[in-house]
file my_file.cif (mmCIF, C-alpha atoms and all ligand atoms)
data_structure
loop_
_atom_site.label_atom_id
_atom_site.label_comp_id
_atom_site.auth_asym_id
_atom_site.auth_seq_id
_atom_site.Cartn_x
_atom_site.Cartn_y
_atom_site.Cartn_z
CA MET A 258 108.31 69.00 83.53
CA GLU A 259 108.38 67.82 79.95
CA GLN A 260 106.63 64.63 81.07
CA VAL A 261 103.63 66.54 82.43
CA ARG A 262 103.55 69.42 79.92
CA PRO A 263 100.83 67.72 77.78
CA LEU A 264 98.52 67.96 80.81
CA THR A 265 98.49 71.76 80.52
CA ALA A 266 95.99 71.21 77.69
CA HIS A 267 93.54 69.72 80.18
CA GLY A 268 91.56 71.12 83.07
CA ALA A 269 90.20 74.65 83.24
CA VAL A 270 91.53 77.96 84.48
CA ALA A 271 89.44 79.38 87.35
CA THR A 272 86.86 81.71 85.83
CA TYR A 273 84.80 82.61 88.90
CA ILE A 274 87.46 85.23 89.64
CA PRO A 275 87.45 87.09 86.28
CA ALA A 276 91.04 88.35 86.59
CA LEU A 277 92.28 84.73 86.84
CA ALA A 278 90.39 83.71 83.69
CA ALA A 279 92.74 85.93 81.66
CA VAL A 280 95.84 83.84 82.50
CA SER A 281 97.10 81.41 79.83
CA SER A 282 96.63 77.78 80.81
CA ARG A 283 99.90 76.83 79.07
CA HIS A 284 102.20 78.10 81.80
CA LEU A 285 104.20 75.48 83.65
CA GLY A 286 106.84 76.23 86.25
CA LEU A 287 108.68 74.25 88.87
CA ALA A 288 110.97 75.33 91.70
CA VAL A 289 112.79 73.28 94.33
CA TRP A 290 114.83 74.25 97.34
CA ALA A 291 116.89 71.41 98.79
CA ALA A 292 118.28 71.55 102.29
CA GLY A 293 121.82 70.36 102.93
CA HIS A 294 122.46 67.31 105.08
CA ASP A 295 123.33 69.56 108.00
CA GLY A 296 119.64 70.38 108.11
CA GLY A 297 119.85 74.06 107.30
CA ALA A 298 122.25 75.11 104.59
CA ALA A 299 121.05 74.76 101.03
CA THR A 300 123.18 72.60 98.77
CA ALA A 301 123.52 75.45 96.28
CA GLY A 302 124.01 78.10 98.98
CA PRO A 303 121.35 79.58 101.22
CA GLY A 304 118.47 81.04 99.26
CA GLU A 305 119.29 79.22 96.07
CA VAL A 306 116.28 77.61 94.49
CA ILE A 307 116.45 75.48 91.36
CA GLY A 308 113.82 76.60 88.86
CA ALA A 309 112.54 75.32 85.52
CA GLY A 310 110.03 76.56 82.94
CA ASP A 311 107.98 79.51 84.18
CA ALA A 312 109.53 79.44 87.65
CA ASP A 313 110.06 83.21 87.50
CA THR A 314 106.64 84.27 86.26
CA ALA A 315 104.44 85.79 88.98
CA PHE A 316 100.98 84.33 89.50
CA SER A 317 98.15 84.80 91.97
CA ILE A 318 98.97 82.68 95.00
CA GLN A 319 95.33 82.55 96.13
CA SER A 320 94.83 79.98 98.88
CA ILE A 321 98.55 79.39 99.31
CA SER A 322 98.31 82.67 101.25
CA LYS A 323 96.41 80.75 103.95
CA VAL A 324 99.70 79.14 105.03
CA PHE A 325 101.21 82.57 105.59
CA THR A 326 98.21 84.00 107.46
CA LEU A 327 98.05 80.92 109.68
CA ALA A 328 101.77 81.30 110.44
CA LEU A 329 101.26 85.01 111.20
CA ALA A 330 98.35 84.26 113.54
CA LEU A 331 100.46 81.66 115.39
CA ARG A 332 103.38 84.07 115.50
CA HIS A 333 101.32 86.81 117.06
CA GLY A 334 100.10 84.57 119.82
CA GLY A 335 96.63 83.93 118.49
CA VAL A 336 96.94 80.19 119.05
CA ASP A 337 94.42 79.65 121.87
CA ARG A 338 91.86 81.94 120.32
CA LEU A 339 92.46 80.40 116.93
CA TRP A 340 91.84 76.78 117.89
CA ALA A 341 88.75 77.72 119.87
CA ARG A 342 87.26 79.08 116.64
CA VAL A 343 88.63 76.82 113.87
CA GLY A 344 88.99 73.04 113.73
CA ARG A 345 91.99 70.92 112.73
CA GLU A 346 90.31 68.14 110.78
CA PRO A 347 90.27 67.45 107.05
CA SER A 348 87.01 68.52 105.48
CA GLY A 349 86.47 66.11 102.61
CA ASP A 350 84.35 68.88 101.11
CA PRO A 351 85.08 71.56 98.49
CA PHE A 352 87.08 74.58 99.69
CA ASN A 353 84.09 76.90 99.53
CA SER A 354 81.41 74.62 100.95
CA ILE A 355 78.56 76.42 102.69
CA ALA A 356 76.68 73.28 103.79
CA LEU A 357 79.57 72.07 105.96
CA LEU A 358 79.80 75.41 107.72
CA GLU A 359 76.14 75.45 108.63
CA ARG A 360 76.24 71.86 109.86
CA GLU A 361 79.17 72.79 112.09
CA GLN A 362 77.55 75.89 113.55
CA GLY A 363 79.91 78.43 112.02
CA VAL A 364 83.12 76.75 113.24
CA PRO A 365 85.13 75.97 110.09
CA ARG A 366 86.62 72.50 109.90
CA ASN A 367 90.21 73.76 109.36
CA PRO A 368 92.12 76.98 108.57
CA PHE A 369 92.67 76.10 104.91
CA ILE A 370 89.11 75.96 103.64
CA ASN A 371 87.82 79.44 102.78
CA ALA A 372 85.64 79.69 105.89
CA GLY A 373 88.60 78.84 108.13
CA ALA A 374 90.85 81.35 106.40
CA ILE A 375 88.17 84.02 106.82
CA VAL A 376 88.19 83.37 110.58
CA VAL A 377 92.02 83.58 110.58
CA ALA A 378 91.72 86.92 108.70
CA ASP A 379 89.26 88.08 111.37
CA LEU A 380 91.65 87.06 114.14
CA LEU A 381 94.57 88.81 112.44
CA SER A 382 92.41 91.92 112.06
CA ALA A 383 91.86 91.87 115.84
CA LEU A 384 95.53 91.21 116.63
CA ARG A 385 97.13 93.65 114.19
CA PRO A 386 96.18 97.18 113.07
CA ASP A 387 97.32 96.54 109.47
CA PRO A 388 97.04 92.80 108.80
CA VAL A 389 97.69 93.02 105.06
CA GLY A 390 100.68 95.31 105.55
CA ASP A 391 102.04 92.83 108.09
CA LEU A 392 101.42 89.93 105.74
CA VAL A 393 103.21 91.63 102.84
CA ALA A 394 106.17 92.48 105.09
CA PHE A 395 106.25 88.94 106.52
CA VAL A 396 106.16 87.21 103.13
CA SER A 397 108.67 89.69 101.65
CA GLU A 398 111.06 88.93 104.48
CA LEU A 399 110.68 85.18 104.02
CA THR A 400 111.16 85.55 100.28
CA GLY A 401 114.16 87.84 100.56
CA GLU A 402 112.60 90.26 98.10
CA ALA A 403 109.55 92.50 97.96
CA VAL A 404 106.25 90.86 97.09
CA ALA A 405 102.98 92.71 96.58
CA VAL A 406 99.24 92.35 96.29
CA ASP A 407 97.94 92.54 92.70
CA PRO A 408 95.23 95.22 92.96
CA VAL A 409 93.47 94.06 89.77
CA VAL A 410 92.98 90.55 91.14
CA ALA A 411 91.94 91.90 94.54
CA ALA A 412 89.31 94.15 92.93
CA SER A 413 88.10 91.28 90.76
CA GLU A 414 87.68 89.04 93.82
CA ALA A 415 85.92 91.76 95.78
CA ALA A 416 83.51 92.36 92.90
CA THR A 417 82.56 88.71 92.49
CA GLY A 418 83.12 87.15 95.93
CA PHE A 419 79.48 86.32 96.56
CA ARG A 420 80.16 82.91 98.01
CA ASN A 421 82.87 84.17 100.33
CA ARG A 422 80.45 86.90 101.46
CA ALA A 423 77.90 84.19 102.16
CA LEU A 424 80.46 82.23 104.19
CA ALA A 425 81.54 85.30 106.18
CA ASN A 426 77.95 86.27 106.92
CA MET A 427 77.14 82.74 108.00
CA ILE A 428 80.16 82.69 110.34
CA ARG A 429 79.06 86.06 111.68
CA SER A 430 75.53 84.77 112.24
CA PHE A 431 76.96 82.05 114.49
CA GLY A 432 78.96 84.66 116.43
CA ASN A 433 82.35 83.47 115.19
CA LEU A 434 83.38 86.70 113.43
CA ASP A 435 84.26 89.77 115.52
CA ASN A 436 84.97 92.36 112.87
CA ASP A 437 82.87 93.89 110.15
CA VAL A 438 82.21 91.33 107.38
CA GLU A 439 83.41 93.60 104.55
CA ALA A 440 86.55 94.61 106.47
CA VAL A 441 87.49 90.95 107.02
CA LEU A 442 86.74 90.05 103.41
CA ASP A 443 88.93 92.94 102.27
CA VAL A 444 91.83 91.33 104.15
CA TYR A 445 90.96 87.90 102.76
CA PHE A 446 90.64 89.06 99.14
CA ARG A 447 93.90 90.98 99.29
CA GLN A 448 95.83 88.12 100.88
CA CYS A 449 94.62 85.81 98.10
CA SER A 450 95.77 88.37 95.53
CA LEU A 451 99.45 88.29 96.50
CA ALA A 452 101.46 87.78 93.32
CA MET A 453 104.54 85.57 93.58
CA THR A 454 106.65 83.27 91.44
CA ALA A 455 107.19 79.55 92.04
CA ARG A 456 110.80 80.29 92.95
CA GLN A 457 109.72 82.90 95.50
CA LEU A 458 107.20 80.53 97.06
CA ALA A 459 109.74 77.70 97.36
CA ARG A 460 112.03 80.19 99.11
CA ALA A 461 109.36 81.67 101.36
CA LEU A 462 108.37 78.27 102.77
CA ARG A 463 111.83 77.11 103.78
CA PHE A 464 111.10 77.78 107.43
CA LEU A 465 108.49 75.02 107.37
CA ALA A 466 111.11 72.51 106.20
CA ASN A 467 113.58 73.77 108.80
CA ASP A 468 111.84 73.48 112.20
CA GLY A 469 110.40 76.97 111.92
CA VAL A 470 113.75 78.68 111.33
CA ASP A 471 114.40 80.68 108.15
CA PRO A 472 117.68 79.16 106.92
CA ALA A 473 118.59 82.36 105.07
CA THR A 474 118.57 84.56 108.17
CA GLY A 475 118.57 82.15 111.11
CA ALA A 476 115.43 83.89 112.40
CA ALA A 477 112.89 81.79 114.30
CA VAL A 478 109.69 82.32 112.33
CA LEU A 479 107.68 79.72 114.27
CA ARG A 480 108.48 77.37 117.10
CA PRO A 481 109.44 73.86 115.88
CA ALA A 482 106.12 72.41 117.12
CA GLU A 483 104.17 75.13 115.31
CA ALA A 484 105.97 74.42 112.03
CA ARG A 485 105.07 70.74 112.47
CA HIS A 486 101.45 71.72 113.09
CA VAL A 487 101.26 73.76 109.89
CA ASN A 488 102.79 70.90 107.89
CA ALA A 489 100.35 68.41 109.41
CA LEU A 490 97.42 70.65 108.48
CA MET A 491 98.74 71.01 104.95
CA LEU A 492 98.90 67.25 104.52
CA MET A 493 95.36 66.77 105.86
CA ALA A 494 93.63 69.80 104.45
CA GLY A 495 95.90 71.83 102.16
CA THR A 496 94.34 70.52 98.98
CA TYR A 497 90.74 70.27 100.24
CA ASP A 498 88.75 67.24 99.19
CA ALA A 499 91.76 65.92 97.25
CA ALA A 500 94.02 65.84 100.34
CA GLY A 501 93.74 62.07 100.68
CA ALA A 502 94.66 61.57 97.03
CA PHE A 503 97.56 64.01 97.35
CA ALA A 504 98.92 62.13 100.36
CA TYR A 505 98.62 58.90 98.41
CA GLU A 506 99.96 60.14 95.05
CA ILE A 507 102.59 62.62 96.21
CA GLY A 508 103.18 62.02 99.92
CA ILE A 509 104.15 65.62 100.66
CA PRO A 510 102.22 68.17 102.76
CA CYS A 511 100.90 70.51 100.06
CA LYS A 512 98.88 73.71 99.80
CA SER A 513 97.19 74.70 96.58
CA GLY A 514 95.53 77.83 95.24
CA VAL A 515 93.07 78.41 92.40
CA GLY A 516 95.75 80.46 90.61
CA GLY A 517 97.25 77.03 89.80
CA GLY A 518 100.11 77.03 92.28
CA ILE A 519 100.86 74.12 94.61
CA VAL A 520 103.54 74.33 97.28
CA GLY A 521 104.95 71.36 99.16
CA VAL A 522 107.13 70.93 102.23
CA VAL A 523 109.34 67.93 102.94
CA PRO A 524 110.62 68.53 106.48
CA ASP A 525 114.44 68.64 106.76
CA ARG A 526 114.79 68.05 103.04
CA ALA A 527 113.08 70.41 100.63
CA THR A 528 110.40 72.82 99.62
CA VAL A 529 108.80 72.68 96.18
CA CYS A 530 106.40 74.76 94.15
CA ALA A 531 104.75 73.80 90.89
CA TRP A 532 102.52 76.14 88.91
CA SER A 533 100.18 75.65 86.00
CA PRO A 534 96.87 77.54 85.87
CA ALA A 535 94.39 74.91 84.64
CA LEU A 536 92.59 73.18 87.51
CA ASP A 537 90.93 69.84 88.07
CA THR A 538 87.43 69.60 89.53
CA THR A 539 88.75 69.87 93.10
CA GLY A 540 90.34 73.26 92.36
CA ASN A 541 93.90 71.91 92.29
CA SER A 542 96.20 72.46 89.32
CA LEU A 543 96.16 69.39 87.13
CA ALA A 544 99.66 69.70 85.68
CA ALA A 545 101.23 71.00 88.90
CA ARG A 546 99.77 68.06 90.80
CA ALA A 547 101.18 65.63 88.23
CA ALA A 548 104.54 67.41 88.29
CA LEU A 549 104.80 67.01 92.06
CA ALA A 550 103.78 63.35 91.81
CA ALA A 551 106.48 62.75 89.16
CA LEU A 552 109.08 64.63 91.21
CA ALA A 553 108.28 62.64 94.34
CA ALA A 554 108.31 59.35 92.46
CA ARG A 555 111.66 60.03 90.80
CA THR A 556 113.48 61.51 93.77
CA GLY A 557 111.88 59.74 96.72
CA LEU A 558 111.17 63.20 98.14
CA THR A 559 108.18 62.31 100.29
CA VAL A 560 107.47 62.21 104.01
CA PHE A 561 106.59 58.53 103.91
N1 LIG A 601 90.33 83.52 96.58
C1 LIG A 601 89.86 82.20 96.35
C2 LIG A 601 88.45 82.05 96.87
O1 LIG A 601 88.16 82.64 97.86
C3 LIG A 601 90.77 81.22 97.03
C4 LIG A 601 90.32 79.79 96.87
C5 LIG A 601 91.45 78.86 96.53
O2 LIG A 601 92.51 79.25 96.09
N2 LIG A 601 91.18 77.58 96.68
O3 LIG A 601 87.63 81.39 96.34
#

call {"tool": "encode", "arguments": {"input": "my_file.cif", "output": "structure tokens"}}
result
Amino acid sequence: MEQVRPLTAHGAVATYIPALAAVSSRHLGLAVWAAGHDGGAATAGPGEVIGAGDADTAFSIQSISKVFTLALALRHGGVDRLWARVGREPSGDPFNSIALLEREQGVPRNPFINAGAIVVADLLSALRPDPVGDLVAFVSELTGEAVAVDPVVAASEAATGFRNRALANMIRSFGNLDNDVEAVLDVYFRQCSLAMTARQLARALRFLANDGVDPATGAAVLRPAEARHVNALMLMAGTYDAAGAFAYEIGIPCKSGVGGGIVGVVPDRATVCAWSPALDTTGNSLAARAALAALAARTGLTVF
């Protein structure tokens, strides 16, 4: 952490969501959960996550929420409908690209770009009467403590989400959105506005490092193959047009958000979360990205 701290002076906090612009760029937090050699039990006891710096300061998880909504959609049996409506390829384009969506006739390239997550939110809205309530309950259960949507961030996103409205309307125009555009965006904006700490995120993602089973409770969150699928998508598309560089530099399936958080999953070994609000030009946290690269380099914690 001390090695990458100077990088917090670089990059820029997301300003297109006004509530995020108010966060200090100097935060830096790191959290790691390490699985025991028996594959499930944590070395420091189940649920124990090692944290450093601002590991216990809540931040807006933003697009990291797309991992949870994808898992929820898979859990509620939306898998066939999902993959008929969203692709599974890396995009190589920015997370909010409109051009790509039009070229591909309203079928988003993957569930982690905004357009894909909007389709997942639409599917969840069809599968569940209260998708955001379900999401909050799901993530709280995974975390082992209550998490909540930050209403100020959600309102800020709703007030300024012109590009997401454009994406949703475009998807709708191609017939790939079933519900009312504003209702789906309300789900999407609120999911992005979940507030969590790095420690909570490292804890909440353990099931992805543990064949779909939450090691704290023994509950099967996803089937083993589904957990593998989510990890594969994270590696290919979790950090948008930087996914190739992330695979090269860090070698861990990662998912980032414009709140400056980046989570990573090393199957059978660990989950990690780094947070620092200032972003690079691809919308990924500059210091968090460097922190994960340093961690992987020093510990050999990579999938390769
Ligand atoms: N809420 C953000 C948006 O829709 C999420 C994007 C992100 O975190 N990459 O633009």

call {"tool": "atom_distance", "arguments": {"input": "my_file.cif", "atom1": "atom CA of Val441 of chain A", "atom2": "atom CA of Val487 of chain A"}}
result
22.2 Å

call {"tool": "closest_residue", "arguments": {"input": "my_file.cif", "among": "A:Gly557, A:Gly268, A:Gly495, A:Gly518", "to": "Ala312 of chain A", "atoms": "all atoms listed in the file"}}
result
A:Gly518

call {"tool": "atom_distance", "arguments": {"input": "my_file.cif", "atom1": "atom CA of Pro510 of chain A", "atom2": "atom CA of Ala531 of chain A"}}
result
13.4 Å

call {"tool": "residues_around", "arguments": {"input": "my_file.cif", "residues": "segment 360-365 of chain A", "least_positions_apart": "3", "cutoff": "6 Å", "atoms": "only C-alpha atoms", "output": "count of residues only"}}
result
7

call {"tool": "residues_around", "arguments": {"input": "my_file.cif", "residues": "Arg429 of chain A", "least_positions_apart": "6", "cutoff": "10 Å", "atoms": "only C-alpha atoms", "output": "number ranges by chain"}}
result
A: 363, 376, 423, 435-438

call {"tool": "write_last_selection", "arguments": {"input": "my_file.cif", "atoms": "C-alpha atoms", "output": "PDB file, in the frame of the given file"}}
result
ATOM      1  CA  GLY A 363      79.910  78.430 112.020  1.00  0.00           C
ATOM      2  CA  VAL A 376      88.190  83.370 110.580  1.00  0.00           C
ATOM      3  CA  ALA A 423      77.900  84.190 102.160  1.00  0.00           C
ATOM      4  CA  ASP A 435      84.260  89.770 115.520  1.00  0.00           C
ATOM      5  CA  ASN A 436      84.970  92.360 112.870  1.00  0.00           C
ATOM      6  CA  ASP A 437      82.870  93.890 110.150  1.00  0.00           C
ATOM      7  CA  VAL A 438      82.210  91.330 107.380  1.00  0.00           C
TER       8      VAL A 438
END

call {"tool": "closest_residue", "arguments": {"input": "my_file.cif", "among": "A:Leu451, A:Ala544, A:Leu492, A:Ala440", "to": "ligand LIG 601 (chain A)", "atoms": "all atoms listed in the file"}}
result
A:Leu451

call {"tool": "closest_residue", "arguments": {"input": "my_file.cif", "among": "A:Gly286, A:Gly401, A:Gly508, A:Pro368", "to": "Ala473 of chain A", "atoms": "only C-alpha atoms"}}
result
A:Gly401

call {"tool": "atom_distance", "arguments": {"input": "my_file.cif", "atom1": "atom CA of Leu381 of chain A", "atom2": "atom CA of Pro524 of chain A"}}
result
26.5 Å

call {"tool": "closest_residue", "arguments": {"input": "my_file.cif", "among": "A:Arg463, A:Arg283, A:Arg422, A:Arg262", "to": "ligand LIG 601 (chain A)", "atoms": "only C-alpha atoms and all ligand atoms"}}
result
A:Arg422

call {"tool": "closest_residue", "arguments": {"input": "my_file.cif", "among": "A:Ala356, A:Leu442, A:Ala330, A:Ile509", "to": "ligand LIG 601 (chain A)", "atoms": "all atoms listed in the file"}}
result
A:Leu442

call {"tool": "residues_near_ligand", "arguments": {"input": "my_file.cif", "ligand": "ligand LIG 601 (chain A)", "cutoff": "9 Å", "atoms": "all atoms listed in the file", "output": "JSON, numbers by chain"}}
result
{"A": [273, 274, 317, 318, 319, 320, 321, 322, 323, 351, 352, 353, 369, 370, 371, 372, 411, 414, 418, 420, 421, 445, 446, 447, 448, 449, 450, 496, 497, 513, 514, 515, 516, 517, 518, 539, 540, 541]}

call {"tool": "residues_around", "arguments": {"input": "my_file.cif", "residues": "segment 334-336 of chain A", "least_positions_apart": "2", "cutoff": "10 Å", "atoms": "all atoms listed in the file", "output": "number ranges by chain"}}
result
A: 327-332, 338-341, 377, 380-381, 383-384, 483

call {"tool": "closest_residue", "arguments": {"input": "my_file.cif", "among": "A:Arg526, A:His284, A:His333, A:Arg546", "to": "Val270 of chain A", "atoms": "only C-alpha atoms"}}
result
A:His284

call {"tool": "axis_aligned_box", "arguments": {"input": "my_file.cif", "around": "segment 353-369 of chain A", "padding_each_side": "8 Å", "output": "JSON"}}
result
{"center_x": 84.4, "center_y": 75.1, "center_z": 106.5, "size_x": 32.5, "size_y": 22.6, "size_z": 30.0}

call {"tool": "decode", "arguments": {"input": "my_file.cif", "residues": "segment 478-497 of chain A", "atoms": "N, CA and C atoms", "output": "PDB file, in the first residue's frame"}}
result
ATOM      1  N   VAL A 478     -24.265 -20.788  -3.185  1.00  0.00           N
ATOM      2  CA  VAL A 478     -24.763 -19.529  -3.761  1.00  0.00           C
ATOM      3  C   VAL A 478     -24.977 -19.714  -5.258  1.00  0.00           C
ATOM      4  N   LEU A 479     -23.988 -20.315  -5.906  1.00  0.00           N
ATOM      5  CA  LEU A 479     -24.071 -20.666  -7.333  1.00  0.00           C
ATOM      6  C   LEU A 479     -23.560 -22.089  -7.489  1.00  0.00           C
ATOM      7  N   ARG A 480     -23.886 -22.690  -8.617  1.00  0.00           N
ATOM      8  CA  ARG A 480     -23.285 -23.990  -8.921  1.00  0.00           C
ATOM      9  C   ARG A 480     -21.801 -23.756  -9.272  1.00  0.00           C
ATOM     10  N   PRO A 481     -20.939 -24.769  -9.071  1.00  0.00           N
ATOM     11  CA  PRO A 481     -19.513 -24.558  -9.358  1.00  0.00           C
ATOM     12  C   PRO A 481     -19.270 -24.025 -10.772  1.00  0.00           C
ATOM     13  N   ALA A 482     -19.992 -24.563 -11.760  1.00  0.00           N
ATOM     14  CA  ALA A 482     -19.773 -24.103 -13.144  1.00  0.00           C
ATOM     15  C   ALA A 482     -20.174 -22.636 -13.293  1.00  0.00           C
ATOM     16  N   GLU A 483     -21.228 -22.238 -12.593  1.00  0.00           N
ATOM     17  CA  GLU A 483     -21.674 -20.839 -12.696  1.00  0.00           C
ATOM     18  C   GLU A 483     -20.640 -19.895 -12.082  1.00  0.00           C
ATOM     19  N   ALA A 484     -20.051 -20.307 -10.956  1.00  0.00           N
ATOM     20  CA  ALA A 484     -19.012 -19.468 -10.341  1.00  0.00           C
ATOM     21  C   ALA A 484     -17.835 -19.322 -11.310  1.00  0.00           C
ATOM     22  N   ARG A 485     -17.487 -20.420 -11.968  1.00  0.00           N
ATOM     23  CA  ARG A 485     -16.400 -20.355 -12.970  1.00  0.00           C
ATOM     24  C   ARG A 485     -16.765 -19.395 -14.088  1.00  0.00           C
ATOM     25  N   HIS A 486     -18.030 -19.439 -14.520  1.00  0.00           N
ATOM     26  CA  HIS A 486     -18.465 -18.555 -15.606  1.00  0.00           C
ATOM     27  C   HIS A 486     -18.323 -17.084 -15.210  1.00  0.00           C
ATOM     28  N   VAL A 487     -18.745 -16.773 -13.988  1.00  0.00           N
ATOM     29  CA  VAL A 487     -18.658 -15.372 -13.534  1.00  0.00           C
ATOM     30  C   VAL A 487     -17.189 -14.934 -13.495  1.00  0.00           C
ATOM     31  N   ASN A 488     -16.323 -15.807 -12.975  1.00  0.00           N
ATOM     32  CA  ASN A 488     -14.894 -15.462 -12.913  1.00  0.00           C
ATOM     33  C   ASN A 488     -14.306 -15.261 -14.309  1.00  0.00           C
ATOM     34  N   ALA A 489     -14.714 -16.128 -15.232  1.00  0.00           N
ATOM     35  CA  ALA A 489     -14.205 -16.003 -16.615  1.00  0.00           C
ATOM     36  C   ALA A 489     -14.637 -14.664 -17.219  1.00  0.00           C
ATOM     37  N   LEU A 490     -15.884 -14.294 -16.969  1.00  0.00           N
ATOM     38  CA  LEU A 490     -16.380 -13.018 -17.501  1.00  0.00           C
ATOM     39  C   LEU A 490     -15.654 -11.844 -16.865  1.00  0.00           C
ATOM     40  N   MET A 491     -15.349 -11.963 -15.573  1.00  0.00           N
ATOM     41  CA  MET A 491     -14.615 -10.882 -14.914  1.00  0.00           C
ATOM     42  C   MET A 491     -13.243 -10.702 -15.550  1.00  0.00           C
ATOM     43  N   LEU A 492     -12.571 -11.816 -15.816  1.00  0.00           N
ATOM     44  CA  LEU A 492     -11.236 -11.702 -16.414  1.00  0.00           C
ATOM     45  C   LEU A 492     -11.324 -11.030 -17.796  1.00  0.00           C
ATOM     46  N   MET A 493     -12.326 -11.413 -18.563  1.00  0.00           N
ATOM     47  CA  MET A 493     -12.408 -10.921 -19.950  1.00  0.00           C
ATOM     48  C   MET A 493     -13.024  -9.541 -20.067  1.00  0.00           C
ATOM     49  N   ALA A 494     -13.906  -9.205 -19.127  1.00  0.00           N
ATOM     50  CA  ALA A 494     -14.705  -8.001 -19.337  1.00  0.00           C
ATOM     51  C   ALA A 494     -14.916  -7.151 -18.084  1.00  0.00           C
ATOM     52  N   GLY A 495     -14.380  -7.582 -16.951  1.00  0.00           N
ATOM     53  CA  GLY A 495     -14.681  -6.891 -15.689  1.00  0.00           C
ATOM     54  C   GLY A 495     -14.088  -5.504 -15.580  1.00  0.00           C
ATOM     55  N   THR A 496     -13.067  -5.231 -16.389  1.00  0.00           N
ATOM     56  CA  THR A 496     -12.447  -3.909 -16.311  1.00  0.00           C
ATOM     57  C   THR A 496     -12.481  -3.222 -17.690  1.00  0.00           C
ATOM     58  N   TYR A 497     -13.495  -3.639 -18.480  1.00  0.00           N
ATOM     59  CA  TYR A 497     -13.799  -2.972 -19.760  1.00  0.00           C
ATOM     60  C   TYR A 497     -12.634  -3.041 -20.749  1.00  0.00           C
TER      61      TYR A 497
END
